[in-house]
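Notes follow once the structure below has been shown.
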Amino acid sequence: MKGAFVPGCGPDTARAKFMAYLPFLKPVIKSFFKKPATQSYPFAPMPKDDLVRGHVEIDAESCIFCGICARKCPTAAIATDKNEKSWTISRFACIVCSACCEACPKKCLFMKKELTPASEVKTVDVAIKNA
Ligand code: SF4
Ligand code: SF4
């Protein structure tokens with residue numbers, strides 16, 4: 001029906017809505033000409049940060065398989081086997097608290113400032129002593 005009054009849809013309301021959006025238009029238009037604010041991990045390398053602990057690494061040749069690290073681990077992420085001379089860590093269970101590194105009497109555990117690569121399956125890393 002021509003000339004019918006529809007509440008909230010008059011020309012004044014439309015102008016008011018447009019004016020309300022105006023402050024957002026400037027950053028939107030600016031963003032077309034900027035680099036993306038996010039990175040497409042894991043395709044782009046993560047920036048290095050001094051605050052990042054990284055992940056636990058072991059020098060298996062110095063390990064005596066005493067199991068102290070496994071007992072100190074709050075999430076039971078570590079398993080050791082003296083007979084097999086193996087040290088196992090579940091990267092998905094590790095919360096990177098560093099308690100194992102501090103407790104190791106041989107100081108063969110350390111934090112490496114690299115993040116564990118992304119994975120779709122829960123894997124474990126096993127280190128076996130050669131000699
Ligand atoms: S505490 Fe150190 S020496 Fe003992 S099992 Fe763990 S890594 Fe090996
Ligand atoms: S860093 Fe913490 S959670 Fe990870 S294995 Fe060591 S003790 Fe366990």
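Order determines the names: the first chain of the structure tokens is A, the second B, and so forth; residues in each chain are numbered 1 upward, and ligands are numbered 1 upward as they are shown.
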**OP:** Show me which residues sit within 6 Å of ligand 1 when counting only C-alpha atoms and all ligand atoms, and put them as a list in words.
**Re:**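 Those within range of ligand 1 are Cys63, Ile64, Phe65, Cys66, Gly67, Ile68, Cys69, Cys104, Pro105, Lys106, Cys108 and Leu109 of chain A.
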Subject >> Residues near Ala77 in chain A, cut-off 9 Å, only C-alpha atoms, skip fewer than 5 positions along chain, as an MDAnalysis selection string >> reply: chainID A and resid 70 88:95
With C-alpha atoms kept, could you save the residues just selected as a PDB file, in the first residue's frame?
ATOM      1  CA  ALA A  70      57.448 -39.963  36.099  1.00  0.00           C
ATOM      2  CA  THR A  88      58.172 -42.167  27.039  1.00  0.00           C
ATOM      3  CA  ILE A  89      56.207 -38.942  27.113  1.00  0.00           C
ATOM      4  CA  SER A  90      52.625 -38.290  26.056  1.00  0.00           C
ATOM      5  CA  ARG A  91      52.752 -34.823  24.540  1.00  0.00           C
ATOM      6  CA  PHE A  92      48.973 -34.462  24.847  1.00  0.00           C
ATOM      7  CA  ALA A  93      49.048 -35.149  28.589  1.00  0.00           C
ATOM      8  CA  CYS A  94      52.012 -32.871  29.322  1.00  0.00           C
ATOM      9  CA  ILE A  95      51.053 -29.455  30.684  1.00  0.00           C
TER      10      ILE A  95
END
**OP:** Apply DSSP to the structure's backbone, then extract all residues of range 4-131 of chain A labelled helix (DSSP H, G or I) and return them as an MDAnalysis selection string.
**Re:** chainID A and resid 11:31 60:62 68:72 99:103
**OP:** Compare A:Glu114, A:Glu57, A:Asn130, A:Glu120 by their minimum atom-to-atom distance to ligand 2, counting only C-alpha atoms and all ligand atoms, and give me the closest one.
**Re:**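 Smallest separation from ligand 2 among the options: A:Glu57.
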Subject >> Pick from A:Phe24, A:Phe43, A:Phe18, A:Trp87, whichever lies nearest to ligand 2 using only C-alpha atoms and all ligand atoms >> reply: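 Nearest to ligand 2: A:Trp87.
Take the candidates A:Ala37, A:Ala60, A:Ala99, A:Ala16 and check each one against ligand 2 using only C-alpha atoms and all ligand atoms; the shortest distance goes to A:Ala99.
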Original post:
Can you tell me how far CA of Ala131 in chain A sits from CA of Leu115 in chain A, in Å to one decimal?
Top reply: 29.2 Å
Original post:
If you measure from CA of Ala118 in chain A to CA of Gly54 in chain A, what distance in Å do you get, rounded to one decimal?
Top reply: 13.1 Å
Backbone DSSP call of strand (DSSP E) for chain A, listed as a tab-separated table (two decimals) with N, CA and C atoms, in the first residue's frame:
chain	number	residue	atom	x	y	z
A	55	HIS	N	58.71	-27.45	24.86
A	55	HIS	CA	58.36	-28.82	25.22
A	55	HIS	C	59.55	-29.52	25.88
A	56	VAL	N	59.25	-30.64	26.52
A	56	VAL	CA	60.29	-31.38	27.26
A	56	VAL	C	61.11	-32.23	26.28
A	57	GLU	N	62.42	-32.16	26.43
A	57	GLU	CA	63.32	-33.01	25.65
A	57	GLU	C	64.20	-33.80	26.62
A	58	ILE	N	64.74	-34.90	26.14
A	58	ILE	CA	65.60	-35.73	27.00
A	58	ILE	C	66.91	-36.05	26.29
A	78	ILE	N	54.66	-39.09	31.77
A	78	ILE	CA	55.94	-39.78	31.53
A	78	ILE	C	55.87	-41.21	32.02
A	79	ALA	N	56.50	-42.11	31.27
A	79	ALA	CA	56.67	-43.50	31.71
A	79	ALA	C	58.11	-43.90	31.42
A	80	THR	N	58.71	-44.62	32.35
A	80	THR	CA	60.08	-45.09	32.13
A	80	THR	C	60.13	-46.60	32.28
A	81	ASP	N	61.04	-47.22	31.56
A	81	ASP	CA	61.20	-48.68	31.65
A	81	ASP	C	62.70	-48.97	31.72
A	86	SER	N	63.92	-47.30	28.13
A	86	SER	CA	63.11	-46.37	27.35
A	86	SER	C	62.46	-45.33	28.26
A	87	TRP	N	62.28	-44.16	27.70
A	87	TRP	CA	61.62	-43.03	28.37
A	87	TRP	C	60.55	-42.54	27.42
A	88	THR	N	59.31	-42.49	27.91
A	88	THR	CA	58.17	-42.17	27.04
A	88	THR	C	57.42	-40.97	27.59
A	89	ILE	N	57.02	-40.09	26.70
A	89	ILE	CA	56.21	-38.94	27.11
A	89	ILE	C	54.99	-38.81	26.19
A	90	SER	N	53.84	-38.57	26.82
A	90	SER	CA	52.63	-38.29	26.06
A	90	SER	C	52.52	-36.77	25.94
A	109	LEU	N	66.83	-33.90	31.51
A	109	LEU	CA	65.58	-33.37	30.94
A	109	LEU	C	65.71	-31.86	30.86
A	110	PHE	N	65.22	-31.30	29.79
A	110	PHE	CA	65.28	-29.84	29.62
A	110	PHE	C	64.12	-29.39	28.73
A	111	MET	N	63.82	-28.09	28.84
A	111	MET	CA	62.76	-27.51	28.03
A	111	MET	C	63.37	-26.94	26.75
A	112	LYS	N	62.85	-27.35	25.62
A	112	LYS	CA	63.30	-26.81	24.33
A	112	LYS	C	62.25	-25.82	23.84
A	124	VAL	N	52.69	-40.63	21.33
A	124	VAL	CA	53.69	-40.56	22.39
A	124	VAL	C	55.08	-40.55	21.74
A	125	ASP	N	56.01	-39.88	22.40
A	125	ASP	CA	57.40	-39.87	21.93
A	125	ASP	C	58.20	-40.80	22.83
A	126	VAL	N	59.00	-41.65	22.22
A	126	VAL	CA	59.80	-42.61	22.98
A	126	VAL	C	61.27	-42.36	22.71
A	127	ALA	N	62.06	-42.27	23.79
A	127	ALA	CA	63.51	-42.14	23.66
A	127	ALA	C	64.12	-43.42	24.23
A	128	ILE	N	65.02	-44.04	23.48
A	128	ILE	CA	65.65	-45.29	23.93
A	128	ILE	C	67.16	-45.08	24.00
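Across the structure, CA of Lys129 in chain A and CA of Glu61 in chain A are spaced 5.4 Å apart.
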